There are 2 protein chains.
Amino acid sequence: MHPTFQSHDHSHCAGDNLARAEALMTERGARLTPVRKRVLEILLEAHRALGAYDVLQRLATEGFGNQPPVAYRALDFLVEQGLAHRIQRLNAFTACMHVGESHAPAFLICRKCDTVAEAPVAPVRAALEATAEGLGFALERASIEAIGLCPNCREAA
Amino acid sequence: MHPTFQSHDHSHCAGDNLARAEALMTERGARLTPVRKRVLEILLEAHRALGAYDVLQRLATEGFGNQPPVAYRALDFLVEQGLAHRIQRLNAFTACMHVGESHAPAFLICRKCDTVAEAPVAPVRAALEATAEGLGFALERASIEAIGLCPNCREAA
DNA sequence: GGTAACTTGTTACGATATAACATGTCAAGA
DNA sequence: TCTTGACATGTTATATCGTAACAAGTTACC
Ligand SMILES: [Zn+2]
Ligand SMILES: [Zn+2]
Ligand SMILES: [Zn+2]
Ligand SMILES: [Zn+2]
């Protein structure tokens, strides 16, 4: 089973990812400022996708700005740096669970409990790349988002 | 090369798809009313993804309602019936080019000319299905959307 | 310390989407 | 034929998501 779907020490996995994110930012000379860091923490604590306005609301109660650009800028930064991903289907954002590793993920979204898992799908990507190339299409980026039931909700049903 | 990317008699390919759509609706006892049919035609004439408000604007100049629900309801109907697809990345809609055939498409979106091609990607789906099953996730639907350069724009660059 | 690049805050607005209710259409079945 | 219920459309109002533009503060570097 995918780790996201198992019960686990979440504060530990979040802290782990946060540490890796900070190291990576230092290495790149990019600045993980307080807002950005806090947004990343918020995402890491959630284990599901959060809308920009959800994030904003939490920021506002903590003394940061309370206008949309505050959230969107931090989120955009995290996405650019590969520390977070955007889930198109949900107009929402989720923390990357594989920081640093070169990865081309797919997202498995549970329609019951809203959990989002980041699954490594290198073979799927390869197949897509092959198809595109066969059609003369120069593939640059692709988003793969699946809807269904996570193992827990599946069992409950 | 994928047919979408070739120059072709577009009015013919549109008329063809429209005829198949009407036949399918009759067969199902679903009603392809004037608004719905017109929206489908608009999408078929475009060969690219159109936003709901783009569609709405054209409807309004033709004597249909000019409020958002008019467009959204027709578009939702077409998507439910498999006559159109929603492109998540673009918040836009495109006519299905393979009406009736059971198909699980991926969309190849040219970031230069905005053309959208519907590519059959059964192997890609199969790989994704296998991955999901391996993780205990019950996959129901998935959207696969690729960004890149179509053959024409690729050559021009 | 001066300066340029970057970051944050704020105002204002644009774009996308839906809830709720009124009205109109159509096809059975009484 | 007339009623009636299901479906479709029109309309108002509002919710949700996202960005342009500018002002003010901070940081890195010479
Ligand atoms: Zn990731
Ligand atoms: Zn679930
Ligand atoms: Zn299709
Ligand atoms: Zn192109």
# chains A, B, ... in the order shown; residues from 1 in each chain; ligands from 1
>>> calpha_fit_and_write(fixed="chain A", moving="chain B", output="short mmCIF file (atom, residue, chain, number, x, y, z; two decimals) with N, CA and C atoms, in the first residue's frame")
data_model
loop_
_atom_site.label_atom_id
_atom_site.label_comp_id
_atom_site.auth_asym_id
_atom_site.auth_seq_id
_atom_site.Cartn_x
_atom_site.Cartn_y
_atom_site.Cartn_z
N MET B 1 0.82 -1.24 0.06
CA MET B 1 -0.02 -0.03 0.07
C MET B 1 0.85 1.22 0.08
N HIS B 2 0.35 2.25 -0.56
CA HIS B 2 1.10 3.51 -0.63
C HIS B 2 1.17 4.14 0.77
N PRO B 3 2.34 4.66 1.13
CA PRO B 3 2.52 5.23 2.47
C PRO B 3 1.45 6.25 2.85
N THR B 4 1.03 7.06 1.89
CA THR B 4 0.03 8.09 2.19
C THR B 4 -1.24 7.48 2.78
N PHE B 5 -1.55 6.27 2.35
CA PHE B 5 -2.81 5.66 2.75
C PHE B 5 -2.70 4.91 4.08
N GLN B 6 -1.46 4.76 4.57
CA GLN B 6 -1.32 4.09 5.86
C GLN B 6 -1.33 5.11 6.99
N SER B 7 -1.76 4.67 8.16
CA SER B 7 -1.63 5.58 9.30
C SER B 7 -0.15 5.59 9.67
N HIS B 8 0.35 6.80 9.91
CA HIS B 8 1.78 6.92 10.16
C HIS B 8 2.05 8.14 11.02
N ASP B 9 3.24 8.25 11.51
CA ASP B 9 3.61 9.40 12.32
C ASP B 9 3.74 10.61 11.39
N HIS B 10 2.66 11.35 11.31
CA HIS B 10 2.61 12.36 10.29
C HIS B 10 3.53 13.54 10.59
N SER B 11 3.64 13.92 11.85
CA SER B 11 4.51 15.05 12.18
C SER B 11 5.95 14.72 11.79
N HIS B 12 6.29 13.46 11.89
CA HIS B 12 7.64 13.06 11.52
C HIS B 12 7.86 13.19 10.01
N CYS B 13 6.92 12.67 9.24
CA CYS B 13 7.09 12.69 7.78
C CYS B 13 7.06 14.13 7.28
N ALA B 14 6.28 14.99 7.97
CA ALA B 14 6.24 16.40 7.58
C ALA B 14 7.57 17.08 7.89
N GLY B 15 8.06 16.86 9.10
CA GLY B 15 9.33 17.48 9.50
C GLY B 15 10.46 17.06 8.58
N ASP B 16 10.46 15.82 8.22
CA ASP B 16 11.44 15.27 7.30
C ASP B 16 11.46 16.02 5.98
N ASN B 17 10.29 16.15 5.41
CA ASN B 17 10.18 16.83 4.12
C ASN B 17 10.57 18.30 4.23
N LEU B 18 10.20 18.91 5.35
CA LEU B 18 10.52 20.31 5.56
C LEU B 18 12.04 20.50 5.60
N ALA B 19 12.71 19.62 6.30
CA ALA B 19 14.17 19.70 6.41
C ALA B 19 14.81 19.57 5.03
N ARG B 20 14.34 18.63 4.26
CA ARG B 20 14.89 18.46 2.91
C ARG B 20 14.64 19.69 2.05
N ALA B 21 13.46 20.27 2.23
CA ALA B 21 13.13 21.48 1.46
C ALA B 21 14.08 22.61 1.81
N GLU B 22 14.36 22.82 3.10
CA GLU B 22 15.25 23.90 3.51
C GLU B 22 16.65 23.68 2.95
N ALA B 23 17.11 22.45 3.02
CA ALA B 23 18.44 22.13 2.49
C ALA B 23 18.51 22.45 1.00
N LEU B 24 17.48 22.04 0.29
CA LEU B 24 17.45 22.26 -1.16
C LEU B 24 17.45 23.74 -1.50
N MET B 25 16.70 24.53 -0.74
CA MET B 25 16.63 25.97 -1.00
C MET B 25 17.99 26.63 -0.76
N THR B 26 18.63 26.24 0.33
CA THR B 26 19.97 26.76 0.60
C THR B 26 20.91 26.44 -0.55
N GLU B 27 20.86 25.21 -0.96
CA GLU B 27 21.71 24.73 -2.05
C GLU B 27 21.49 25.55 -3.32
N ARG B 28 20.27 25.94 -3.55
CA ARG B 28 19.95 26.68 -4.78
C ARG B 28 20.09 28.18 -4.62
N GLY B 29 20.31 28.63 -3.40
CA GLY B 29 20.35 30.07 -3.16
C GLY B 29 18.97 30.72 -3.28
N ALA B 30 17.93 29.92 -3.13
CA ALA B 30 16.58 30.46 -3.13
C ALA B 30 16.14 30.67 -1.68
N ARG B 31 15.26 31.60 -1.46
CA ARG B 31 14.94 31.98 -0.08
C ARG B 31 13.61 31.43 0.40
N LEU B 32 13.67 30.54 1.35
CA LEU B 32 12.45 30.02 1.96
C LEU B 32 12.06 30.94 3.12
N THR B 33 11.43 32.04 2.75
CA THR B 33 11.06 33.08 3.72
C THR B 33 9.97 32.57 4.67
N PRO B 34 9.69 33.32 5.73
CA PRO B 34 8.67 32.89 6.70
C PRO B 34 7.32 32.53 6.07
N VAL B 35 6.80 33.40 5.22
CA VAL B 35 5.49 33.06 4.61
C VAL B 35 5.59 31.77 3.84
N ARG B 36 6.61 31.67 3.01
CA ARG B 36 6.75 30.49 2.16
C ARG B 36 6.91 29.23 2.98
N LYS B 37 7.72 29.34 4.02
CA LYS B 37 7.93 28.18 4.88
C LYS B 37 6.65 27.78 5.58
N ARG B 38 5.92 28.79 6.05
CA ARG B 38 4.67 28.50 6.75
C ARG B 38 3.65 27.85 5.82
N VAL B 39 3.60 28.33 4.58
CA VAL B 39 2.67 27.73 3.62
C VAL B 39 3.05 26.28 3.37
N LEU B 40 4.34 26.03 3.24
CA LEU B 40 4.78 24.65 3.04
C LEU B 40 4.39 23.78 4.23
N GLU B 41 4.58 24.29 5.42
CA GLU B 41 4.18 23.54 6.62
C GLU B 41 2.69 23.25 6.60
N ILE B 42 1.92 24.26 6.26
CA ILE B 42 0.46 24.08 6.22
C ILE B 42 0.09 22.95 5.25
N LEU B 43 0.74 22.94 4.09
CA LEU B 43 0.44 21.89 3.12
C LEU B 43 0.90 20.53 3.65
N LEU B 44 2.07 20.52 4.27
CA LEU B 44 2.61 19.25 4.77
C LEU B 44 1.73 18.67 5.88
N GLU B 45 1.16 19.55 6.68
CA GLU B 45 0.31 19.09 7.78
C GLU B 45 -1.01 18.52 7.28
N ALA B 46 -1.36 18.85 6.05
CA ALA B 46 -2.72 18.52 5.57
C ALA B 46 -2.84 17.14 4.96
N HIS B 47 -1.82 16.70 4.25
CA HIS B 47 -1.90 15.42 3.53
C HIS B 47 -3.09 15.36 2.59
N ARG B 48 -3.55 16.49 2.22
CA ARG B 48 -4.56 16.55 1.19
C ARG B 48 -4.40 17.88 0.49
N ALA B 49 -5.10 18.07 -0.61
CA ALA B 49 -4.94 19.31 -1.36
C ALA B 49 -5.72 20.42 -0.69
N LEU B 50 -5.10 21.58 -0.58
CA LEU B 50 -5.76 22.75 -0.01
C LEU B 50 -5.91 23.83 -1.08
N GLY B 51 -7.05 24.48 -1.09
CA GLY B 51 -7.24 25.62 -1.99
C GLY B 51 -6.43 26.80 -1.51
N ALA B 52 -6.14 27.73 -2.42
CA ALA B 52 -5.35 28.91 -2.07
C ALA B 52 -6.03 29.70 -0.95
N TYR B 53 -7.35 29.74 -0.97
CA TYR B 53 -8.07 30.51 0.03
C TYR B 53 -8.09 29.81 1.39
N ASP B 54 -8.01 28.49 1.38
CA ASP B 54 -7.84 27.76 2.64
C ASP B 54 -6.53 28.15 3.29
N VAL B 55 -5.46 28.10 2.49
CA VAL B 55 -4.14 28.48 2.97
C VAL B 55 -4.16 29.91 3.47
N LEU B 56 -4.76 30.78 2.68
CA LEU B 56 -4.79 32.20 3.02
C LEU B 56 -5.44 32.43 4.38
N GLN B 57 -6.53 31.73 4.61
CA GLN B 57 -7.25 31.89 5.87
C GLN B 57 -6.35 31.57 7.06
N ARG B 58 -5.60 30.49 6.92
CA ARG B 58 -4.71 30.12 8.03
C ARG B 58 -3.60 31.14 8.20
N LEU B 59 -3.07 31.63 7.08
CA LEU B 59 -2.02 32.65 7.16
C LEU B 59 -2.54 33.88 7.89
N ALA B 60 -3.75 34.28 7.53
CA ALA B 60 -4.30 35.52 8.08
C ALA B 60 -4.39 35.45 9.60
N THR B 61 -4.78 34.30 10.13
CA THR B 61 -4.90 34.18 11.58
C THR B 61 -3.54 34.16 12.27
N GLU B 62 -2.48 34.13 11.49
CA GLU B 62 -1.14 34.06 12.07
C GLU B 62 -0.36 35.34 11.83
N GLY B 63 -1.05 36.37 11.40
CA GLY B 63 -0.41 37.67 11.30
C GLY B 63 0.20 37.98 9.93
N PHE B 64 0.05 37.07 8.99
CA PHE B 64 0.51 37.38 7.63
C PHE B 64 -0.59 38.16 6.90
N GLY B 65 -0.27 38.60 5.70
CA GLY B 65 -1.28 39.31 4.91
C GLY B 65 -2.51 38.46 4.69
N ASN B 66 -3.63 39.10 4.43
CA ASN B 66 -4.86 38.34 4.26
C ASN B 66 -5.50 38.57 2.90
N GLN B 67 -4.67 38.93 1.93
CA GLN B 67 -5.19 39.13 0.58
C GLN B 67 -4.68 38.02 -0.35
N PRO B 68 -5.49 37.65 -1.34
CA PRO B 68 -5.16 36.50 -2.19
C PRO B 68 -3.71 36.45 -2.69
N PRO B 69 -3.13 37.54 -3.16
CA PRO B 69 -1.77 37.43 -3.71
C PRO B 69 -0.76 36.86 -2.72
N VAL B 70 -0.97 37.10 -1.44
CA VAL B 70 -0.05 36.57 -0.44
C VAL B 70 0.02 35.05 -0.55
N ALA B 71 -1.13 34.43 -0.63
CA ALA B 71 -1.16 32.96 -0.73
C ALA B 71 -0.68 32.51 -2.10
N TYR B 72 -1.18 33.13 -3.14
CA TYR B 72 -0.84 32.68 -4.49
C TYR B 72 0.65 32.81 -4.77
N ARG B 73 1.26 33.89 -4.27
CA ARG B 73 2.68 34.06 -4.56
C ARG B 73 3.52 33.00 -3.86
N ALA B 74 3.18 32.72 -2.62
CA ALA B 74 3.93 31.69 -1.90
C ALA B 74 3.72 30.33 -2.57
N LEU B 75 2.48 30.05 -2.94
CA LEU B 75 2.18 28.76 -3.57
C LEU B 75 2.89 28.65 -4.92
N ASP B 76 2.88 29.71 -5.68
CA ASP B 76 3.55 29.68 -6.99
C ASP B 76 5.05 29.42 -6.82
N PHE B 77 5.62 30.07 -5.82
CA PHE B 77 7.05 29.86 -5.54
C PHE B 77 7.30 28.39 -5.23
N LEU B 78 6.52 27.82 -4.36
CA LEU B 78 6.72 26.42 -3.96
C LEU B 78 6.57 25.48 -5.16
N VAL B 79 5.63 25.78 -6.01
CA VAL B 79 5.42 24.93 -7.19
C VAL B 79 6.62 25.05 -8.13
N GLU B 80 7.07 26.28 -8.37
CA GLU B 80 8.24 26.48 -9.23
C GLU B 80 9.45 25.73 -8.72
N GLN B 81 9.61 25.72 -7.42
CA GLN B 81 10.77 25.09 -6.81
C GLN B 81 10.58 23.58 -6.66
N GLY B 82 9.42 23.09 -7.01
CA GLY B 82 9.18 21.65 -6.90
C GLY B 82 8.90 21.20 -5.48
N LEU B 83 8.55 22.13 -4.61
CA LEU B 83 8.24 21.76 -3.22
C LEU B 83 6.75 21.48 -3.04
N ALA B 84 5.98 21.87 -4.03
CA ALA B 84 4.54 21.62 -3.97
C ALA B 84 4.05 21.36 -5.39
N HIS B 85 2.88 20.79 -5.48
CA HIS B 85 2.27 20.52 -6.78
C HIS B 85 0.88 21.10 -6.82
N ARG B 86 0.48 21.44 -8.03
CA ARG B 86 -0.88 21.93 -8.19
C ARG B 86 -1.74 20.80 -8.71
N ILE B 87 -2.92 20.62 -8.11
CA ILE B 87 -3.87 19.63 -8.58
C ILE B 87 -4.93 20.35 -9.39
N GLN B 88 -4.86 20.17 -10.70
CA GLN B 88 -5.74 20.93 -11.60
C GLN B 88 -7.21 20.67 -11.33
N ARG B 89 -7.54 19.42 -11.14
CA ARG B 89 -8.93 19.02 -10.97
C ARG B 89 -9.59 19.67 -9.78
N LEU B 90 -8.78 20.00 -8.77
CA LEU B 90 -9.33 20.49 -7.52
C LEU B 90 -9.08 21.98 -7.32
N ASN B 91 -8.39 22.61 -8.27
CA ASN B 91 -7.95 23.98 -8.06
C ASN B 91 -7.32 24.08 -6.68
N ALA B 92 -6.34 23.22 -6.44
CA ALA B 92 -5.78 23.12 -5.10
C ALA B 92 -4.31 22.72 -5.18
N PHE B 93 -3.66 22.78 -4.01
CA PHE B 93 -2.22 22.55 -3.95
C PHE B 93 -1.90 21.51 -2.89
N THR B 94 -0.81 20.79 -3.11
CA THR B 94 -0.41 19.77 -2.16
C THR B 94 1.12 19.77 -2.05
N ALA B 95 1.63 19.48 -0.87
CA ALA B 95 3.08 19.45 -0.69
C ALA B 95 3.68 18.28 -1.44
N CYS B 96 4.85 18.49 -1.99
CA CYS B 96 5.54 17.38 -2.65
C CYS B 96 6.10 16.45 -1.59
N MET B 97 5.89 15.17 -1.80
CA MET B 97 6.34 14.18 -0.83
C MET B 97 7.66 13.53 -1.24
N HIS B 98 8.23 14.02 -2.33
CA HIS B 98 9.48 13.43 -2.80
C HIS B 98 10.46 14.53 -3.21
N VAL B 99 10.63 15.49 -2.30
CA VAL B 99 11.48 16.65 -2.59
C VAL B 99 12.89 16.22 -2.98
N GLY B 100 13.38 16.82 -4.03
CA GLY B 100 14.76 16.57 -4.42
C GLY B 100 14.88 15.46 -5.42
N GLU B 101 14.21 14.34 -5.16
CA GLU B 101 14.23 13.27 -6.14
C GLU B 101 13.62 13.79 -7.44
N SER B 102 14.25 13.46 -8.53
CA SER B 102 13.62 13.81 -9.79
C SER B 102 12.43 12.88 -9.98
N HIS B 103 11.27 13.45 -10.06
CA HIS B 103 10.10 12.59 -10.12
C HIS B 103 9.04 13.20 -11.02
N ALA B 104 8.28 12.36 -11.65
CA ALA B 104 7.19 12.79 -12.52
C ALA B 104 5.95 12.08 -12.02
N PRO B 105 5.26 12.71 -11.09
CA PRO B 105 4.22 12.02 -10.35
C PRO B 105 2.87 11.96 -11.06
N ALA B 106 2.05 11.05 -10.60
CA ALA B 106 0.62 11.11 -10.87
C ALA B 106 -0.05 11.28 -9.51
N PHE B 107 -1.24 11.81 -9.50
CA PHE B 107 -1.93 12.03 -8.25
C PHE B 107 -3.17 11.16 -8.17
N LEU B 108 -3.28 10.46 -7.06
CA LEU B 108 -4.43 9.60 -6.83
C LEU B 108 -5.31 10.29 -5.79
N ILE B 109 -6.47 10.73 -6.24
CA ILE B 109 -7.35 11.54 -5.40
C ILE B 109 -8.54 10.71 -4.95
N CYS B 110 -8.70 10.56 -3.65
CA CYS B 110 -9.86 9.82 -3.15
C CYS B 110 -11.08 10.73 -3.12
N ARG B 111 -12.13 10.32 -3.79
CA ARG B 111 -13.31 11.19 -3.89
C ARG B 111 -14.14 11.14 -2.61
N LYS B 112 -13.79 10.24 -1.71
CA LYS B 112 -14.55 10.12 -0.47
C LYS B 112 -13.90 10.95 0.64
N CYS B 113 -12.60 10.73 0.85
CA CYS B 113 -11.94 11.38 1.99
C CYS B 113 -10.97 12.48 1.55
N ASP B 114 -10.86 12.70 0.26
CA ASP B 114 -10.06 13.81 -0.28
C ASP B 114 -8.55 13.66 -0.09
N THR B 115 -8.12 12.52 0.36
CA THR B 115 -6.68 12.28 0.45
C THR B 115 -6.06 12.33 -0.94
N VAL B 116 -4.86 12.89 -1.00
CA VAL B 116 -4.15 12.92 -2.28
C VAL B 116 -2.81 12.22 -2.12
N ALA B 117 -2.57 11.21 -2.93
CA ALA B 117 -1.30 10.49 -2.89
C ALA B 117 -0.50 10.80 -4.14
N GLU B 118 0.79 10.95 -3.94
CA GLU B 118 1.68 11.23 -5.06
C GLU B 118 2.36 9.92 -5.42
N ALA B 119 1.97 9.37 -6.55
CA ALA B 119 2.50 8.05 -6.92
C ALA B 119 3.55 8.19 -8.01
N PRO B 120 4.64 7.47 -7.88
CA PRO B 120 5.64 7.49 -8.94
C PRO B 120 5.14 6.66 -10.11
N VAL B 121 5.18 7.23 -11.28
CA VAL B 121 4.60 6.54 -12.44
C VAL B 121 5.51 6.67 -13.65
N ALA B 122 6.77 6.38 -13.45
CA ALA B 122 7.72 6.48 -14.55
C ALA B 122 7.28 5.71 -15.79
N PRO B 123 6.78 4.48 -15.65
CA PRO B 123 6.36 3.73 -16.84
C PRO B 123 5.21 4.42 -17.57
N VAL B 124 4.29 4.98 -16.80
CA VAL B 124 3.16 5.66 -17.42
C VAL B 124 3.66 6.85 -18.22
N ARG B 125 4.57 7.61 -17.61
CA ARG B 125 5.17 8.75 -18.32
C ARG B 125 5.86 8.30 -19.59
N ALA B 126 6.59 7.23 -19.49
CA ALA B 126 7.33 6.75 -20.65
C ALA B 126 6.37 6.41 -21.78
N ALA B 127 5.27 5.75 -21.44
CA ALA B 127 4.29 5.38 -22.44
C ALA B 127 3.69 6.63 -23.09
N LEU B 128 3.43 7.62 -22.27
CA LEU B 128 2.86 8.86 -22.80
C LEU B 128 3.85 9.56 -23.71
N GLU B 129 5.08 9.60 -23.26
CA GLU B 129 6.14 10.22 -24.05
C GLU B 129 6.25 9.54 -25.43
N ALA B 130 6.20 8.23 -25.42
CA ALA B 130 6.30 7.48 -26.67
C ALA B 130 5.14 7.81 -27.59
N THR B 131 3.94 7.83 -27.03
CA THR B 131 2.77 8.16 -27.83
C THR B 131 2.90 9.54 -28.46
N ALA B 132 3.28 10.51 -27.62
CA ALA B 132 3.41 11.89 -28.10
C ALA B 132 4.45 11.97 -29.22
N GLU B 133 5.57 11.36 -28.99
CA GLU B 133 6.64 11.40 -29.99
C GLU B 133 6.17 10.79 -31.31
N GLY B 134 5.42 9.73 -31.21
CA GLY B 134 4.88 9.08 -32.40
C GLY B 134 3.97 9.99 -33.20
N LEU B 135 3.36 10.96 -32.53
CA LEU B 135 2.44 11.89 -33.20
C LEU B 135 3.14 13.18 -33.58
N GLY B 136 4.45 13.26 -33.28
CA GLY B 136 5.18 14.46 -33.63
C GLY B 136 5.04 15.58 -32.62
N PHE B 137 4.45 15.26 -31.48
CA PHE B 137 4.22 16.27 -30.45
C PHE B 137 5.38 16.29 -29.47
N ALA B 138 5.95 17.48 -29.24
CA ALA B 138 7.08 17.61 -28.32
C ALA B 138 6.57 17.83 -26.90
N LEU B 139 6.49 16.77 -26.14
CA LEU B 139 5.93 16.83 -24.81
C LEU B 139 6.88 17.53 -23.85
N GLU B 140 6.36 18.48 -23.08
CA GLU B 140 7.19 19.19 -22.11
C GLU B 140 6.77 18.86 -20.69
N ARG B 141 5.51 18.99 -20.40
CA ARG B 141 5.01 18.64 -19.07
C ARG B 141 3.68 17.95 -19.24
N ALA B 142 3.32 17.15 -18.26
CA ALA B 142 2.02 16.49 -18.32
C ALA B 142 1.47 16.33 -16.92
N SER B 143 0.17 16.51 -16.79
CA SER B 143 -0.45 16.26 -15.50
C SER B 143 -1.34 15.02 -15.60
N ILE B 144 -1.16 14.14 -14.65
CA ILE B 144 -1.92 12.90 -14.61
C ILE B 144 -2.63 12.85 -13.26
N GLU B 145 -3.94 12.90 -13.32
CA GLU B 145 -4.71 12.96 -12.08
C GLU B 145 -5.83 11.93 -12.11
N ALA B 146 -5.82 11.05 -11.13
CA ALA B 146 -6.80 9.98 -11.09
C ALA B 146 -7.78 10.19 -9.95
N ILE B 147 -9.04 9.88 -10.23
CA ILE B 147 -10.09 9.93 -9.20
C ILE B 147 -10.51 8.51 -8.89
N GLY B 148 -10.76 8.23 -7.63
CA GLY B 148 -11.22 6.90 -7.27
C GLY B 148 -11.35 6.78 -5.76
N LEU B 149 -11.20 5.56 -5.28
CA LEU B 149 -11.31 5.32 -3.85
C LEU B 149 -9.98 4.84 -3.30
N CYS B 150 -9.53 5.47 -2.23
CA CYS B 150 -8.30 5.03 -1.58
C CYS B 150 -8.58 3.69 -0.87
N PRO B 151 -7.53 2.99 -0.51
CA PRO B 151 -7.71 1.66 0.09
C PRO B 151 -8.64 1.67 1.30
N ASN B 152 -8.52 2.69 2.12
CA ASN B 152 -9.34 2.75 3.33
C ASN B 152 -10.82 2.90 3.00
N CYS B 153 -11.12 3.88 2.15
CA CYS B 153 -12.52 4.12 1.79
C CYS B 153 -13.07 2.96 0.96
N ARG B 154 -12.19 2.33 0.21
CA ARG B 154 -12.60 1.20 -0.61
C ARG B 154 -13.09 0.06 0.28
N GLU B 155 -12.35 -0.16 1.34
CA GLU B 155 -12.70 -1.25 2.26
C GLU B 155 -14.00 -0.93 2.98
N ALA B 156 -14.14 0.35 3.37
CA ALA B 156 -15.34 0.78 4.10
C ALA B 156 -16.59 0.63 3.24
N ALA B 157 -16.40 0.61 1.93
CA ALA B 157 -17.58 0.56 1.02
C ALA B 157 -17.94 -0.87 0.60
#
>>> select_by_dssp(residues="segment 30-148 of chain A", states="strand (DSSP E)", output="PyMOL selection string")
chain A and resi 84-87+92-95+105-110+116-120+138-148
>>> atom_distance(atom1="atom C1' of DT16 of chain C", atom2="atom C1' of DC17 of chain D")
6.9 Å
>>> interface_residues(of="chain D", to="chain A", cutoff="10 Å", atoms="only C-alpha atoms (C1' of nucleotides)", output="PyMOL selection string")
chain D and resi 16-19
>>> write_last_selection(atoms="all heavy atoms", output="mmCIF file, in the first residue's frame")
data_model
loop_
_atom_site.group_PDB
_atom_site.id
_atom_site.type_symbol
_atom_site.label_atom_id
_atom_site.label_comp_id
_atom_site.auth_asym_id
_atom_site.auth_seq_id
_atom_site.Cartn_x
_atom_site.Cartn_y
_atom_site.Cartn_z
ATOM 1 P P DT D 16 -18.122 29.822 -1.529
ATOM 2 O OP1 DT D 16 -18.396 28.454 -1.054
ATOM 3 O OP2 DT D 16 -17.709 30.889 -0.602
ATOM 4 O "O5'" DT D 16 -17.028 29.719 -2.679
ATOM 5 C "C5'" DT D 16 -17.197 28.785 -3.713
ATOM 6 C "C4'" DT D 16 -16.159 29.038 -4.763
ATOM 7 O "O4'" DT D 16 -16.385 30.303 -5.400
ATOM 8 C "C3'" DT D 16 -14.711 29.094 -4.241
ATOM 9 O "O3'" DT D 16 -14.029 28.044 -4.884
ATOM 10 C "C2'" DT D 16 -14.216 30.480 -4.666
ATOM 11 C "C1'" DT D 16 -15.143 30.801 -5.830
ATOM 12 N N1 DT D 16 -15.349 32.213 -6.195
ATOM 13 C C2 DT D 16 -15.005 32.592 -7.465
ATOM 14 O O2 DT D 16 -14.515 31.837 -8.282
ATOM 15 N N3 DT D 16 -15.244 33.918 -7.749
ATOM 16 C C4 DT D 16 -15.801 34.866 -6.906
ATOM 17 O O4 DT D 16 -15.966 36.023 -7.283
ATOM 18 C C5 DT D 16 -16.145 34.406 -5.594
ATOM 19 C C7 DT D 16 -16.748 35.339 -4.610
ATOM 20 C C6 DT D 16 -15.907 33.111 -5.307
ATOM 21 P P DC D 17 -12.512 27.675 -4.486
ATOM 22 O OP1 DC D 17 -12.359 26.217 -4.666
ATOM 23 O OP2 DC D 17 -12.176 28.326 -3.212
ATOM 24 O "O5'" DC D 17 -11.700 28.400 -5.646
ATOM 25 C "C5'" DC D 17 -11.929 28.008 -6.991
ATOM 26 C "C4'" DC D 17 -11.184 28.947 -7.915
ATOM 27 O "O4'" DC D 17 -11.762 30.261 -7.853
ATOM 28 C "C3'" DC D 17 -9.695 29.131 -7.587
ATOM 29 O "O3'" DC D 17 -8.962 28.768 -8.745
ATOM 30 C "C2'" DC D 17 -9.564 30.607 -7.241
ATOM 31 C "C1'" DC D 17 -10.728 31.216 -8.012
ATOM 32 N N1 DC D 17 -11.225 32.530 -7.528
ATOM 33 C C2 DC D 17 -11.285 33.600 -8.419
ATOM 34 O O2 DC D 17 -10.915 33.441 -9.575
ATOM 35 N N3 DC D 17 -11.743 34.801 -7.979
ATOM 36 C C4 DC D 17 -12.137 34.940 -6.708
ATOM 37 N N4 DC D 17 -12.593 36.137 -6.321
ATOM 38 C C5 DC D 17 -12.098 33.852 -5.789
ATOM 39 C C6 DC D 17 -11.630 32.667 -6.231
ATOM 40 P P DG D 18 -7.343 28.764 -8.741
ATOM 41 O OP1 DG D 18 -6.880 27.820 -9.774
ATOM 42 O OP2 DG D 18 -6.906 28.634 -7.341
ATOM 43 O "O5'" DG D 18 -7.029 30.239 -9.239
ATOM 44 C "C5'" DG D 18 -7.384 30.602 -10.558
ATOM 45 C "C4'" DG D 18 -6.989 32.045 -10.820
ATOM 46 O "O4'" DG D 18 -7.787 32.934 -10.015
ATOM 47 C "C3'" DG D 18 -5.529 32.376 -10.492
ATOM 48 O "O3'" DG D 18 -4.867 32.633 -11.728
ATOM 49 C "C2'" DG D 18 -5.614 33.608 -9.572
ATOM 50 C "C1'" DG D 18 -7.034 34.108 -9.808
ATOM 51 N N9 DG D 18 -7.646 34.831 -8.695
ATOM 52 C C8 DG D 18 -7.946 34.352 -7.436
ATOM 53 N N7 DG D 18 -8.514 35.250 -6.661
ATOM 54 C C5 DG D 18 -8.581 36.385 -7.464
ATOM 55 C C6 DG D 18 -9.093 37.672 -7.179
ATOM 56 O O6 DG D 18 -9.594 38.080 -6.128
ATOM 57 N N1 DG D 18 -8.972 38.516 -8.272
ATOM 58 C C2 DG D 18 -8.417 38.180 -9.495
ATOM 59 N N2 DG D 18 -8.375 39.117 -10.427
ATOM 60 N N3 DG D 18 -7.944 36.980 -9.770
ATOM 61 C C4 DG D 18 -8.059 36.141 -8.715
ATOM 62 P P DT D 19 -3.321 33.124 -11.752
ATOM 63 O OP1 DT D 19 -2.788 32.556 -12.989
ATOM 64 O OP2 DT D 19 -2.688 32.866 -10.455
ATOM 65 O "O5'" DT D 19 -3.412 34.713 -11.941
ATOM 66 C "C5'" DT D 19 -4.384 35.232 -12.795
ATOM 67 C "C4'" DT D 19 -4.249 36.737 -12.947
ATOM 68 O "O4'" DT D 19 -4.980 37.401 -11.889
ATOM 69 C "C3'" DT D 19 -2.821 37.291 -12.871
ATOM 70 O "O3'" DT D 19 -2.734 38.323 -13.844
ATOM 71 C "C2'" DT D 19 -2.734 37.851 -11.450
ATOM 72 C "C1'" DT D 19 -4.154 38.357 -11.266
ATOM 73 N N1 DT D 19 -4.611 38.472 -9.864
ATOM 74 C C2 DT D 19 -5.225 39.636 -9.451
ATOM 75 O O2 DT D 19 -5.407 40.588 -10.184
ATOM 76 N N3 DT D 19 -5.612 39.640 -8.138
ATOM 77 C C4 DT D 19 -5.456 38.615 -7.218
ATOM 78 O O4 DT D 19 -5.845 38.734 -6.063
ATOM 79 C C5 DT D 19 -4.817 37.429 -7.715
ATOM 80 C C7 DT D 19 -4.611 36.240 -6.803
ATOM 81 C C6 DT D 19 -4.424 37.409 -9.007
#
